[in-house]
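Here is the file start09.cif (mmCIF, C-alpha atoms (C1' of nucleotides)).
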data_target
loop_
_atom_site.label_atom_id
_atom_site.label_comp_id
_atom_site.auth_asym_id
_atom_site.auth_seq_id
_atom_site.Cartn_x
_atom_site.Cartn_y
_atom_site.Cartn_z
CA MET A 1 -13.63 -17.33 10.31
CA LYS A 2 -11.32 -14.93 12.18
CA ARG A 3 -8.17 -16.78 11.07
CA LYS A 4 -8.64 -16.08 7.40
CA GLU A 5 -9.18 -12.35 7.98
CA ASP A 6 -5.97 -12.06 9.95
CA TYR A 7 -4.19 -13.75 7.10
CA TYR A 8 -5.32 -11.10 4.60
CA LYS A 9 -4.42 -8.42 7.09
CA ILE A 10 -0.85 -9.67 7.44
CA ARG A 11 -0.47 -10.16 3.71
CA SER A 12 -1.69 -6.64 3.08
CA GLU A 13 0.80 -5.24 5.56
CA ILE A 14 3.68 -6.82 3.67
CA LEU A 15 2.36 -5.43 0.40
CA LYS A 16 1.78 -2.02 1.95
CA ALA A 17 5.38 -1.95 3.10
CA MET A 18 6.48 -2.37 -0.52
CA ALA A 19 3.94 0.05 -1.96
CA HIS A 20 5.99 3.24 -1.96
CA PRO A 21 8.30 4.58 -4.71
CA SER A 22 11.30 5.11 -2.42
CA ARG A 23 10.86 1.72 -0.79
CA LEU A 24 10.65 0.01 -4.18
CA PHE A 25 13.84 1.79 -5.14
CA ILE A 26 15.49 0.57 -1.95
CA ILE A 27 14.36 -3.01 -2.62
CA GLU A 28 15.76 -2.92 -6.15
CA GLU A 29 19.00 -1.27 -5.05
CA ILE A 30 19.79 -3.63 -2.18
CA SER A 31 18.90 -6.62 -4.36
CA LYS A 32 22.22 -5.83 -6.08
CA GLY A 33 24.07 -5.98 -2.77
CA GLU A 34 24.23 -4.50 0.70
CA ARG A 35 23.82 -0.73 1.00
CA CYS A 36 24.13 1.53 4.03
CA VAL A 37 21.57 4.17 5.00
CA CYS A 38 23.78 7.04 3.82
CA GLU A 39 24.30 5.52 0.36
CA LEU A 40 20.56 5.05 -0.08
CA THR A 41 19.93 8.56 1.23
CA ASP A 42 22.29 10.05 -1.40
CA MET A 43 20.53 8.11 -4.15
CA ILE A 44 17.00 8.97 -3.03
CA GLY A 45 17.70 12.59 -2.18
CA ALA A 46 15.38 12.82 0.82
CA ASP A 47 16.18 13.54 4.45
CA ILE A 48 18.17 10.74 6.11
CA SER A 49 15.46 10.41 8.77
CA THR A 50 12.91 9.78 6.04
CA VAL A 51 15.05 7.05 4.47
CA SER A 52 15.69 5.53 7.88
CA LYS A 53 11.96 5.35 8.48
CA HIS A 54 11.36 3.71 5.11
CA LEU A 55 13.96 1.11 6.03
CA SER A 56 12.30 0.45 9.36
CA VAL A 57 8.98 -0.10 7.57
CA LEU A 58 10.64 -2.68 5.31
CA LYS A 59 12.39 -4.29 8.27
CA LYS A 60 9.22 -4.49 10.34
CA ALA A 61 7.49 -6.23 7.42
CA GLY A 62 10.31 -8.77 7.23
CA ILE A 63 11.47 -7.72 3.77
CA VAL A 64 14.96 -6.57 4.75
CA THR A 65 17.51 -7.23 7.49
CA ASP A 66 20.49 -5.24 8.60
CA ARG A 67 24.03 -5.74 9.81
CA LYS A 68 26.05 -3.29 11.86
CA GLN A 69 29.67 -2.52 11.10
CA GLY A 70 31.02 0.24 13.31
CA THR A 71 28.60 3.15 13.03
CA THR A 72 27.39 2.04 9.64
CA ILE A 73 24.35 -0.16 9.16
CA PHE A 74 24.08 -2.24 6.01
CA TYR A 75 20.72 -3.39 4.73
CA ARG A 76 20.01 -6.35 2.49
CA LEU A 77 17.00 -8.32 1.25
CA ARG A 78 15.78 -10.99 3.63
CA VAL A 79 13.66 -12.95 1.17
CA GLU A 80 15.27 -13.73 -2.17
CA CYS A 81 12.14 -13.99 -4.29
CA ILE A 82 11.12 -10.36 -3.85
CA MET A 83 12.78 -9.28 -7.08
CA ASP A 84 11.36 -12.01 -9.34
CA PHE A 85 8.09 -11.10 -7.82
CA MET A 86 8.33 -7.64 -9.38
CA ASN A 87 8.04 -9.25 -12.80
CA CYS A 88 4.36 -9.77 -12.18
CA ILE A 89 3.86 -6.11 -11.34
CA ASP A 90 5.63 -5.29 -14.58
CA ASN A 91 3.24 -7.55 -16.44
CA VAL A 92 0.36 -5.51 -15.07
CA MET A 93 2.14 -2.35 -16.18
CA LYS A 94 2.71 -3.77 -19.65
CA ALA A 95 -0.93 -4.79 -19.86
CA ASN A 96 -1.96 -1.30 -18.82
CA ALA A 97 0.16 0.17 -21.59
CA GLU A 98 -1.49 -2.04 -24.22
CA THR A 99 -5.00 -1.33 -23.01
CA ASN A 100 -6.72 -3.11 -25.86
CA ILE A 101 -5.91 -6.51 -24.37
CA ASN A 102 -8.04 -7.89 -21.57
CA ALA A 103 -6.58 -11.05 -20.09
CA VAL A 104 -2.83 -11.08 -19.87
CA LYS A 105 -0.73 -14.21 -19.67
CA CYS A 106 2.63 -14.03 -17.97
CA CYS A 107 5.48 -16.14 -16.77
CA LYS A 108 8.49 -15.81 -14.44
CA CYS A 109 6.30 -15.08 -11.46
CA MET B 110 16.51 10.59 -14.42
CA LYS B 111 12.80 11.41 -14.35
CA ARG B 112 11.86 8.21 -16.22
CA LYS B 113 13.05 5.85 -13.50
CA GLU B 114 11.17 7.72 -10.77
CA ASP B 115 7.90 7.51 -12.69
CA TYR B 116 8.48 3.79 -13.03
CA TYR B 117 8.67 3.29 -9.27
CA LYS B 118 5.65 5.49 -8.84
CA ILE B 119 3.54 3.39 -11.19
CA ARG B 120 4.79 0.14 -9.69
CA SER B 121 3.94 1.39 -6.22
CA GLU B 122 0.43 2.30 -7.32
CA ILE B 123 -0.22 -1.26 -8.49
CA LEU B 124 1.12 -2.63 -5.21
CA LYS B 125 -0.91 -0.10 -3.22
CA ALA B 126 -4.04 -1.23 -5.01
CA MET B 127 -3.41 -4.77 -3.75
CA ALA B 128 -2.38 -3.75 -0.23
CA HIS B 129 -5.72 -3.98 1.54
CA PRO B 130 -7.29 -7.00 3.26
CA SER B 131 -10.62 -6.77 1.42
CA ARG B 132 -8.93 -6.26 -1.93
CA LEU B 133 -6.67 -9.25 -1.34
CA PHE B 134 -9.77 -11.27 -0.53
CA ILE B 135 -11.40 -10.08 -3.75
CA ILE B 136 -8.30 -11.00 -5.77
CA GLU B 137 -8.24 -14.50 -4.29
CA GLU B 138 -11.97 -14.98 -4.69
CA ILE B 139 -12.20 -13.89 -8.32
CA SER B 140 -9.13 -15.95 -9.17
CA LYS B 141 -11.52 -18.92 -8.76
CA GLY B 142 -13.95 -17.44 -11.27
CA GLU B 143 -16.06 -14.39 -12.05
CA ARG B 144 -17.95 -12.81 -9.15
CA CYS B 145 -20.48 -9.97 -9.14
CA VAL B 146 -20.33 -7.01 -6.76
CA CYS B 147 -23.23 -8.31 -4.67
CA GLU B 148 -21.62 -11.73 -4.15
CA LEU B 149 -18.38 -10.14 -3.02
CA THR B 150 -20.31 -7.74 -0.80
CA ASP B 151 -22.05 -10.65 0.97
CA MET B 152 -18.73 -12.38 1.54
CA ILE B 153 -16.91 -9.29 2.80
CA GLY B 154 -19.75 -7.97 4.90
CA ALA B 155 -19.14 -4.27 4.25
CA ASP B 156 -21.36 -1.72 2.60
CA ILE B 157 -21.83 -2.34 -1.14
CA SER B 158 -20.48 1.14 -1.89
CA THR B 159 -17.29 0.26 -0.05
CA VAL B 160 -16.85 -2.95 -2.05
CA SER B 161 -17.61 -1.10 -5.27
CA LYS B 162 -14.88 1.39 -4.45
CA HIS B 163 -12.39 -1.39 -3.72
CA LEU B 164 -13.20 -2.87 -7.11
CA SER B 165 -12.70 0.45 -8.84
CA VAL B 166 -9.28 0.76 -7.18
CA LEU B 167 -8.33 -2.68 -8.53
CA LYS B 168 -9.72 -1.84 -11.94
CA LYS B 169 -7.92 1.47 -12.15
CA ALA B 170 -4.66 -0.32 -11.34
CA GLY B 171 -5.30 -2.80 -14.15
CA ILE B 172 -5.61 -5.81 -11.88
CA VAL B 173 -9.23 -6.69 -12.68
CA THR B 174 -11.71 -6.17 -15.53
CA ASP B 175 -15.44 -6.38 -15.59
CA ARG B 176 -18.27 -7.56 -17.82
CA LYS B 177 -21.84 -6.35 -17.69
CA GLN B 178 -24.80 -8.72 -17.90
CA GLY B 179 -28.08 -6.93 -17.37
CA THR B 180 -27.78 -4.96 -14.16
CA THR B 181 -25.10 -7.27 -12.82
CA ILE B 182 -21.40 -6.59 -13.25
CA PHE B 183 -18.99 -9.52 -13.07
CA TYR B 184 -15.37 -8.98 -12.16
CA ARG B 185 -12.41 -11.18 -13.01
CA LEU B 186 -8.61 -11.04 -12.85
CA ARG B 187 -6.98 -9.29 -15.76
CA VAL B 188 -3.45 -10.59 -15.25
CA GLU B 189 -3.09 -14.30 -14.61
CA CYS B 190 0.11 -14.26 -12.61
CA ILE B 191 -1.30 -12.28 -9.70
CA MET B 192 -2.08 -15.40 -7.68
CA ASP B 193 1.29 -17.17 -8.08
CA PHE B 194 2.73 -13.89 -7.08
CA MET B 195 1.14 -14.21 -3.65
CA ASN B 196 3.43 -17.14 -2.96
CA CYS B 197 6.27 -14.75 -2.46
CA ILE B 198 4.31 -12.74 0.09
CA ASP B 199 3.59 -16.00 1.87
CA ASN B 200 7.30 -16.77 1.94
CA VAL B 201 7.86 -13.48 3.74
CA MET B 202 5.11 -14.42 6.19
CA LYS B 203 6.65 -17.83 6.74
CA ALA B 204 10.05 -16.25 7.31
CA ASN B 205 8.52 -13.83 9.80
CA ALA B 206 7.03 -16.75 11.70
CA GLU B 207 10.41 -18.48 11.97
CA THR B 208 12.24 -15.37 13.05
CA ASN B 209 15.51 -17.11 13.78
CA ILE B 210 16.33 -17.43 10.08
CA ASN B 211 17.76 -14.48 8.22
CA ALA B 212 17.93 -15.05 4.48
CA VAL B 213 15.04 -17.00 3.08
CA LYS B 214 15.14 -18.94 -0.17
CA CYS B 215 11.93 -19.46 -2.06
CA CYS B 216 10.57 -20.71 -5.33
CA LYS B 217 7.33 -20.56 -7.31
CA CYS B 218 7.50 -16.78 -7.58
"C1'" DG C 219 36.64 12.84 27.85
"C1'" DT C 220 35.26 15.43 23.59
"C1'" DT C 221 34.22 15.44 18.83
"C1'" DT C 222 32.71 13.45 14.62
"C1'" DT C 223 30.01 10.45 11.82
"C1'" DA C 224 26.01 7.33 11.09
"C1'" DT C 225 21.62 6.33 12.28
"C1'" DT C 226 17.23 6.32 14.82
"C1'" DT C 227 13.35 8.40 17.29
"C1'" DG C 228 9.82 11.98 18.64
"C1'" DG C 229 6.87 15.31 17.24
"C1'" DC C 230 4.43 17.92 14.17
"C1'" DT C 231 1.63 19.19 9.94
"C1'" DA C 232 0.06 17.99 5.38
"C1'" DA C 233 -1.68 14.60 2.40
"C1'" DT C 234 -3.93 10.35 1.53
"C1'" DT C 235 -7.01 6.52 2.47
"C1'" DT C 236 -11.04 4.29 4.43
"C1'" DG C 237 -15.83 3.37 5.00
"C1'" DC C 238 -20.32 4.79 5.74
"C1'" DC C 239 -24.61 7.20 4.17
"C1'" DA C 240 -27.35 9.39 0.76
"C1'" DA C 241 -28.14 10.32 -3.91
"C1'" DT C 242 -27.61 8.92 -8.71
"C1'" DT C 243 -27.40 5.94 -12.77
"C1'" DA C 244 -28.67 1.90 -15.43
"C1'" DT C 245 -31.22 -2.07 -16.66
"C1'" DG C 246 -35.06 -5.12 -16.62
"C1'" DA C 247 -39.84 -6.35 -14.99
"C1'" DA C 248 -44.64 -5.29 -14.10
"C1'" DT D 249 -44.47 4.56 -17.15
"C1'" DT D 250 -43.38 2.97 -12.63
"C1'" DC D 251 -41.02 -0.06 -9.61
"C1'" DA D 252 -37.27 -2.94 -8.13
"C1'" DT D 253 -32.55 -4.44 -8.29
"C1'" DA D 254 -27.47 -3.76 -9.05
"C1'" DA D 255 -23.91 -0.84 -8.95
"C1'" DT D 256 -21.50 3.67 -8.88
"C1'" DT D 257 -20.54 8.36 -7.25
"C1'" DG D 258 -20.24 12.40 -4.01
"C1'" DG D 259 -19.38 13.91 0.35
"C1'" DC D 260 -17.85 13.72 4.84
"C1'" DA D 261 -15.35 12.39 9.31
"C1'" DA D 262 -11.94 9.24 11.20
"C1'" DA D 263 -7.71 6.92 10.68
"C1'" DT D 264 -3.32 6.31 8.62
"C1'" DT D 265 0.86 7.67 6.22
"C1'" DA D 266 4.63 10.80 4.66
"C1'" DG D 267 8.39 13.79 5.30
"C1'" DC D 268 10.74 17.31 7.57
"C1'" DC D 269 13.26 19.20 11.66
"C1'" DA D 270 15.29 18.69 16.06
"C1'" DA D 271 16.91 15.75 19.59
"C1'" DA D 272 18.81 11.37 21.07
"C1'" DT D 273 21.80 7.27 20.64
"C1'" DA D 274 25.96 4.71 19.30
"C1'" DA D 275 30.50 3.80 17.87
"C1'" DA D 276 34.98 5.36 16.44
"C1'" DA D 277 38.63 9.00 16.18
"C1'" DC D 278 41.22 12.47 18.44
#
Could you quickly redo this structure as structure tokens?
Amino acid sequence: MKRKEDYYKIRSEILKAMAHPSRLFIIEEISKGERCVCELTDMIGADISTVSKHLSVLKKAGIVTDRKQGTTIFYRLRVECIMDFMNCIDNVMKANAETNINAVKCCKC
Amino acid sequence: MKRKEDYYKIRSEILKAMAHPSRLFIIEEISKGERCVCELTDMIGADISTVSKHLSVLKKAGIVTDRKQGTTIFYRLRVECIMDFMNCIDNVMKANAETNINAVKCCKC
DNA sequence: GTTTTATTTGGCTAATTTGCCAATTATGAA
DNA sequence: TTCATAATTGGCAAATTAGCCAAATAAAAC
């Protein structure tokens, strides 16, 4: 079934867009409110072109949107649940820390 | 703050482990119950060594665990919330489909 | 119009990931 | 012990991703 494969492909592209330390930082930061490229660049400490490219990856995946005000572009989350969603990742991390447990129950995700 | 950076790094590694079509398929499939490497290999249609490597990526990230029975190794999810978690990804996909909407509300994640 | 500030895009190299094949390990059966 | 089955590991080439610099675009200030 070709349909099903495409579905996993698209899903994986959204996940891949999130799967980078700087992009996770951006997601967390803009979940607190709109931020412009230069603010994020200062916080991340990479080249502005690098940060701009990270933002375009997130935008292409549909995770963020932007708004232009003069020469400044503000980014914000497009889908509200993204942050709650991180709780599940954190449950995996917690489970990894306590490696003696096998099956981990969790909530809030 | 070095601590915070490490945190994003680890989070991104868990997400990266999930961000592949075959690995997403595996996650969904074993969420229904234990599956051995050969069963998953038949379903995916890739070389068994490829599937084995995908499983080791998921295992290393703490997403799955395994159980040996004779020569067969059964894999299962290690963290229960992983599947609910996919709902949020699907909300992003839905939002991408209806591109005229900007901020998307969602639940169940 | 020219300059300044904010951001994006192109191009390049380095690093990482993917997937196959061949070889290896491990267990159970003959 | 030898053979067969299940799975993992090593190694390699192809594809993708990351991050920097330089150049281009866009809007506002002078």
(request) With the file shown as input, list the residues that the PyMOL selection byres ((chain C) within 8 of (chain B)) selects, as number ranges by chain. (result) C: 237-238, 244-246
Might you pull out every residue within 10 Å of Lys59 in chain A, with all atoms listed in the file counted and same-chain residues fewer than 5 positions away left off, and present them as a PDB file with C-alpha atoms, keeping the file's coordinate frame?
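The result, written out as around21.pdb:
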ATOM      1  CA  ALA A  17       5.380  -1.950   3.100  1.00  0.00           C
ATOM      2  CA  LYS A  53      11.960   5.350   8.480  1.00  0.00           C
ATOM      3  CA  HIS A  54      11.360   3.710   5.110  1.00  0.00           C
ATOM      4  CA  VAL A  64      14.960  -6.570   4.750  1.00  0.00           C
ATOM      5  CA  THR A  65      17.510  -7.230   7.490  1.00  0.00           C
ATOM      6  CA  ASP A  66      20.490  -5.240   8.600  1.00  0.00           C
ATOM      7  CA  TYR A  75      20.720  -3.390   4.730  1.00  0.00           C
ATOM      8  CA  ARG A  76      20.010  -6.350   2.490  1.00  0.00           C
ATOM      9  CA  LEU A  77      17.000  -8.320   1.250  1.00  0.00           C
ATOM     10  CA  ARG A  78      15.780 -10.990   3.630  1.00  0.00           C
TER      11      ARG A  78
END
(request) Could you check how far CA of Ile182 in chain B sits from CA of Phe134 in chain B, in Å to one decimal? (result)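 CA of Phe134 in chain B lies 17.9 Å from CA of Ile182 in chain B.
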(request) Between C1' of DG259 in chain D and CA of Lys169 in chain B, measure the distance and give it in Å to one decimal. (result) 21.0 Å
(message) On this structure, the PyMOL selection byres ((chain C and resi 235) around 9) would catch which residues? List them as JSON, numbers by chain, sorted by chain and number.
(response) {"C": [234, 236], "D": [263, 264, 265]}
(request) For chain B, work out the contacting residues on chain A at 8 Å, counting only C-alpha atoms, and write them as a PyMOL selection string. (result) chain A and resi 5+8-16+18-22+24-25+62-63+65+77-82+84-85+88-93+95-96+102-109
Taking only N, CA and C atoms (P, O5', C5', C4', C3', O3' and C1' of nucleotides), show chain D of the given structure as a CSV table (one decimal), in the first residue's frame.
chain,number,residue,atom,x,y,z
D,249,DT,P,32.3,-30.7,18.9
D,249,DT,O5',33.1,-31.5,17.8
D,249,DT,C5',32.6,-32.9,17.6
D,249,DT,C4',31.9,-33.1,16.3
D,249,DT,C3',31.9,-31.9,15.4
D,249,DT,O3',32.1,-32.3,14.1
D,249,DT,C1',29.7,-32.4,15.9
D,250,DT,P,32.4,-31.4,12.8
D,250,DT,O5',31.0,-31.2,12.1
D,250,DT,C5',30.3,-32.4,11.6
D,250,DT,C4',28.9,-32.0,11.1
D,250,DT,C3',29.0,-30.7,10.2
D,250,DT,O3',28.2,-31.0,9.1
D,250,DT,C1',27.4,-30.5,12.0
D,251,DC,P,28.0,-29.9,7.9
D,251,DC,O5',26.5,-29.5,8.0
D,251,DC,C5',25.5,-30.5,8.3
D,251,DC,C4',24.2,-29.8,8.5
D,251,DC,C3',24.0,-28.5,7.7
D,251,DC,O3',22.6,-28.6,7.1
D,251,DC,C1',23.7,-28.0,10.0
D,252,DA,P,22.1,-27.5,6.1
D,252,DA,O5',21.1,-26.7,7.0
D,252,DA,C5',20.1,-27.4,7.7
D,252,DA,C4',19.3,-26.4,8.6
D,252,DA,C3',18.9,-25.1,7.8
D,252,DA,O3',17.6,-24.8,8.1
D,252,DA,C1',20.1,-24.6,9.8
D,253,DT,P,16.9,-23.5,7.4
D,253,DT,O5',16.7,-22.6,8.6
D,253,DT,C5',16.1,-23.0,9.8
D,253,DT,C4',16.1,-21.9,10.9
D,253,DT,C3',15.8,-20.6,10.3
D,253,DT,O3',14.8,-20.0,11.2
D,253,DT,C1',17.9,-20.5,11.4
D,254,DA,P,14.3,-18.5,11.0
D,254,DA,O5',15.2,-17.7,12.0
D,254,DA,C5',15.0,-17.9,13.4
D,254,DA,C4',15.7,-16.8,14.2
D,254,DA,C3',15.4,-15.4,13.6
D,254,DA,O3',15.1,-14.5,14.7
D,254,DA,C1',17.8,-15.8,13.6
D,255,DA,P,14.7,-13.0,14.5
D,255,DA,O5',16.2,-12.3,14.6
D,255,DA,C5',16.9,-12.4,15.9
D,255,DA,C4',18.3,-11.9,15.8
D,255,DA,C3',18.4,-10.4,15.3
D,255,DA,O3',18.7,-9.7,16.5
D,255,DA,C1',20.0,-11.8,14.4
D,256,DT,P,19.1,-8.1,16.4
D,256,DT,O5',20.7,-8.2,16.2
D,256,DT,C5',21.5,-8.9,17.2
D,256,DT,C4',23.0,-8.8,16.8
D,256,DT,C3',23.5,-7.4,16.6
D,256,DT,O3',24.6,-7.2,17.4
D,256,DT,C1',24.1,-8.7,14.7
D,257,DT,P,25.4,-5.9,17.6
D,257,DT,O5',26.6,-6.0,16.5
D,257,DT,C5',27.5,-7.0,16.6
D,257,DT,C4',28.5,-6.9,15.4
D,257,DT,C3',29.1,-5.5,15.2
D,257,DT,O3',30.5,-5.6,15.2
D,257,DT,C1',28.3,-6.4,13.2
D,258,DG,P,31.4,-4.3,15.0
D,258,DG,O5',31.9,-4.4,13.5
D,258,DG,C5',32.5,-5.6,13.1
D,258,DG,C4',33.1,-5.4,11.7
D,258,DG,C3',33.6,-4.1,11.4
D,258,DG,O3',34.8,-4.2,10.6
D,258,DG,C1',31.8,-4.5,9.9
D,259,DG,P,35.7,-3.0,10.1
D,259,DG,O5',35.2,-2.8,8.6
D,259,DG,C5',35.0,-4.0,7.7
D,259,DG,C4',34.6,-3.5,6.4
D,259,DG,C3',35.0,-2.1,6.0
D,259,DG,O3',35.3,-2.1,4.6
D,259,DG,C1',32.7,-2.2,5.9
D,260,DC,P,36.3,-1.0,4.0
D,260,DC,O5',35.5,-0.4,2.8
D,260,DC,C5',34.9,-1.2,1.8
D,260,DC,C4',33.6,-0.6,1.3
D,260,DC,C3',33.8,0.8,0.9
D,260,DC,O3',33.6,0.9,-0.5
D,260,DC,C1',31.7,0.5,2.1
D,261,DA,P,34.1,2.2,-1.3
D,261,DA,O5',32.8,2.7,-2.0
D,261,DA,C5',31.9,1.8,-2.7
D,261,DA,C4',30.5,2.4,-2.9
D,261,DA,C3',30.6,3.8,-3.5
D,261,DA,O3',29.5,3.9,-4.4
D,261,DA,C1',29.5,3.8,-1.4
D,262,DA,P,29.1,5.2,-5.2
D,262,DA,O5',27.8,5.6,-4.5
D,262,DA,C5',26.7,4.8,-4.5
D,262,DA,C4',25.5,5.4,-3.8
D,262,DA,C3',25.2,6.9,-4.3
D,262,DA,O3',23.8,7.0,-4.5
D,262,DA,C1',25.6,6.9,-2.0
D,263,DA,P,23.2,8.4,-4.9
D,263,DA,O5',22.6,9.0,-3.5
D,263,DA,C5',21.8,8.2,-2.8
D,263,DA,C4',21.4,9.0,-1.5
D,263,DA,C3',21.0,10.4,-1.7
D,263,DA,O3',19.8,10.6,-1.0
D,263,DA,C1',22.7,10.3,-0.1
D,264,DT,P,19.0,12.0,-1.1
D,264,DT,O5',19.4,12.6,0.4
D,264,DT,C5',19.2,11.8,1.5
D,264,DT,C4',19.7,12.5,2.7
D,264,DT,C3',19.3,14.0,2.8
D,264,DT,O3',18.6,14.1,4.1
D,264,DT,C1',21.6,13.8,3.2
D,265,DT,P,18.0,15.5,4.6
D,265,DT,O5',19.2,16.0,5.5
D,265,DT,C5',19.8,15.2,6.5
D,265,DT,C4',20.8,15.9,7.3
D,265,DT,C3',20.5,17.4,7.7
D,265,DT,O3',20.7,17.5,9.1
D,265,DT,C1',22.6,17.3,6.6
D,266,DA,P,20.5,18.9,9.8
D,266,DA,O5',22.0,19.5,9.8
D,266,DA,C5',23.0,18.8,10.5
D,266,DA,C4',24.3,19.6,10.6
D,266,DA,C3',24.0,21.1,11.0
D,266,DA,O3',24.9,21.4,12.1
D,266,DA,C1',25.2,21.0,9.0
D,267,DG,P,24.7,22.8,12.8
D,267,DG,O5',25.8,23.7,12.1
D,267,DG,C5',27.2,23.3,12.1
D,267,DG,C4',28.0,24.3,11.3
D,267,DG,C3',27.6,25.8,11.6
D,267,DG,O3',28.7,26.6,11.7
D,267,DG,C1',27.4,25.3,9.3
D,268,DC,P,28.7,28.0,12.4
D,268,DC,O5',29.6,28.9,11.4
D,268,DC,C5',30.9,28.4,11.1
D,268,DC,C4',31.3,28.8,9.7
D,268,DC,C3',31.1,30.3,9.3
D,268,DC,O3',32.4,30.9,9.3
D,268,DC,C1',30.2,28.8,7.6
D,269,DC,P,32.5,32.5,9.3
D,269,DC,O5',32.6,32.8,7.7
D,269,DC,C5',33.5,32.2,6.9
D,269,DC,C4',33.2,32.5,5.5
D,269,DC,C3',33.0,34.0,5.2
D,269,DC,O3',33.8,34.4,4.1
D,269,DC,C1',31.2,32.7,4.3
D,270,DA,P,33.9,36.0,3.8
D,270,DA,O5',33.0,36.0,2.4
D,270,DA,C5',33.2,35.0,1.4
D,270,DA,C4',32.1,35.2,0.4
D,270,DA,C3',31.9,36.7,0.0
D,270,DA,O3',31.7,36.8,-1.4
D,270,DA,C1',29.8,35.7,0.7
D,271,DA,P,31.4,38.3,-2.1
D,271,DA,O5',29.9,38.1,-2.5
D,271,DA,C5',29.5,37.0,-3.3
D,271,DA,C4',28.0,37.0,-3.5
D,271,DA,C3',27.4,38.4,-3.9
D,271,DA,O3',26.5,38.2,-5.0
D,271,DA,C1',26.3,37.7,-2.0
D,272,DA,P,25.6,39.4,-5.6
D,272,DA,O5',24.2,39.1,-5.0
D,272,DA,C5',23.5,37.9,-5.2
D,272,DA,C4',22.2,37.9,-4.5
D,272,DA,C3',21.3,39.1,-4.9
D,272,DA,O3',20.0,38.7,-5.2
D,272,DA,C1',21.5,39.0,-2.6
D,273,DT,P,18.9,39.7,-5.8
D,273,DT,O5',17.9,40.0,-4.7
D,273,DT,C5',17.3,38.9,-3.9
D,273,DT,C4',16.6,39.4,-2.7
D,273,DT,C3',15.7,40.6,-2.9
D,273,DT,O3',14.4,40.3,-2.4
D,273,DT,C1',17.1,40.9,-1.0
D,274,DA,P,13.1,41.2,-2.7
D,274,DA,O5',12.5,41.5,-1.3
D,274,DA,C5',13.1,41.1,-0.1
D,274,DA,C4',12.8,42.1,1.0
D,274,DA,C3',12.0,43.3,0.6
D,274,DA,O3',11.1,43.6,1.7
D,274,DA,C1',14.0,44.0,1.6
D,275,DA,P,9.8,44.6,1.4
D,275,DA,O5',10.0,45.6,2.6
D,275,DA,C5',10.1,45.2,4.0
D,275,DA,C4',10.8,46.2,4.8
D,275,DA,C3',10.2,47.6,4.7
D,275,DA,O3',10.0,48.0,6.0
D,275,DA,C1',12.5,47.7,4.4
D,276,DA,P,9.1,49.3,6.3
D,276,DA,O5',10.1,50.3,7.0
D,276,DA,C5',10.9,49.8,8.2
D,276,DA,C4',12.1,50.7,8.4
D,276,DA,C3',11.7,52.2,8.5
D,276,DA,O3',12.2,52.7,9.7
D,276,DA,C1',13.5,51.8,6.9
D,277,DA,P,12.2,54.2,10.1
D,277,DA,O5',13.7,54.6,9.7
D,277,DA,C5',14.8,54.0,10.4
D,277,DA,C4',16.1,54.8,10.1
D,277,DA,C3',15.9,56.3,10.3
D,277,DA,O3',17.1,56.8,10.8
D,277,DA,C1',16.5,55.9,8.0
D,278,DC,P,17.3,58.4,11.2
D,278,DC,O5',18.2,58.9,10.0
D,278,DC,C5',19.4,58.2,9.6
D,278,DC,C4',20.1,58.9,8.5
D,278,DC,C3',20.0,60.4,8.5
D,278,DC,O3',21.3,61.0,8.2
D,278,DC,C1',19.2,59.6,6.4
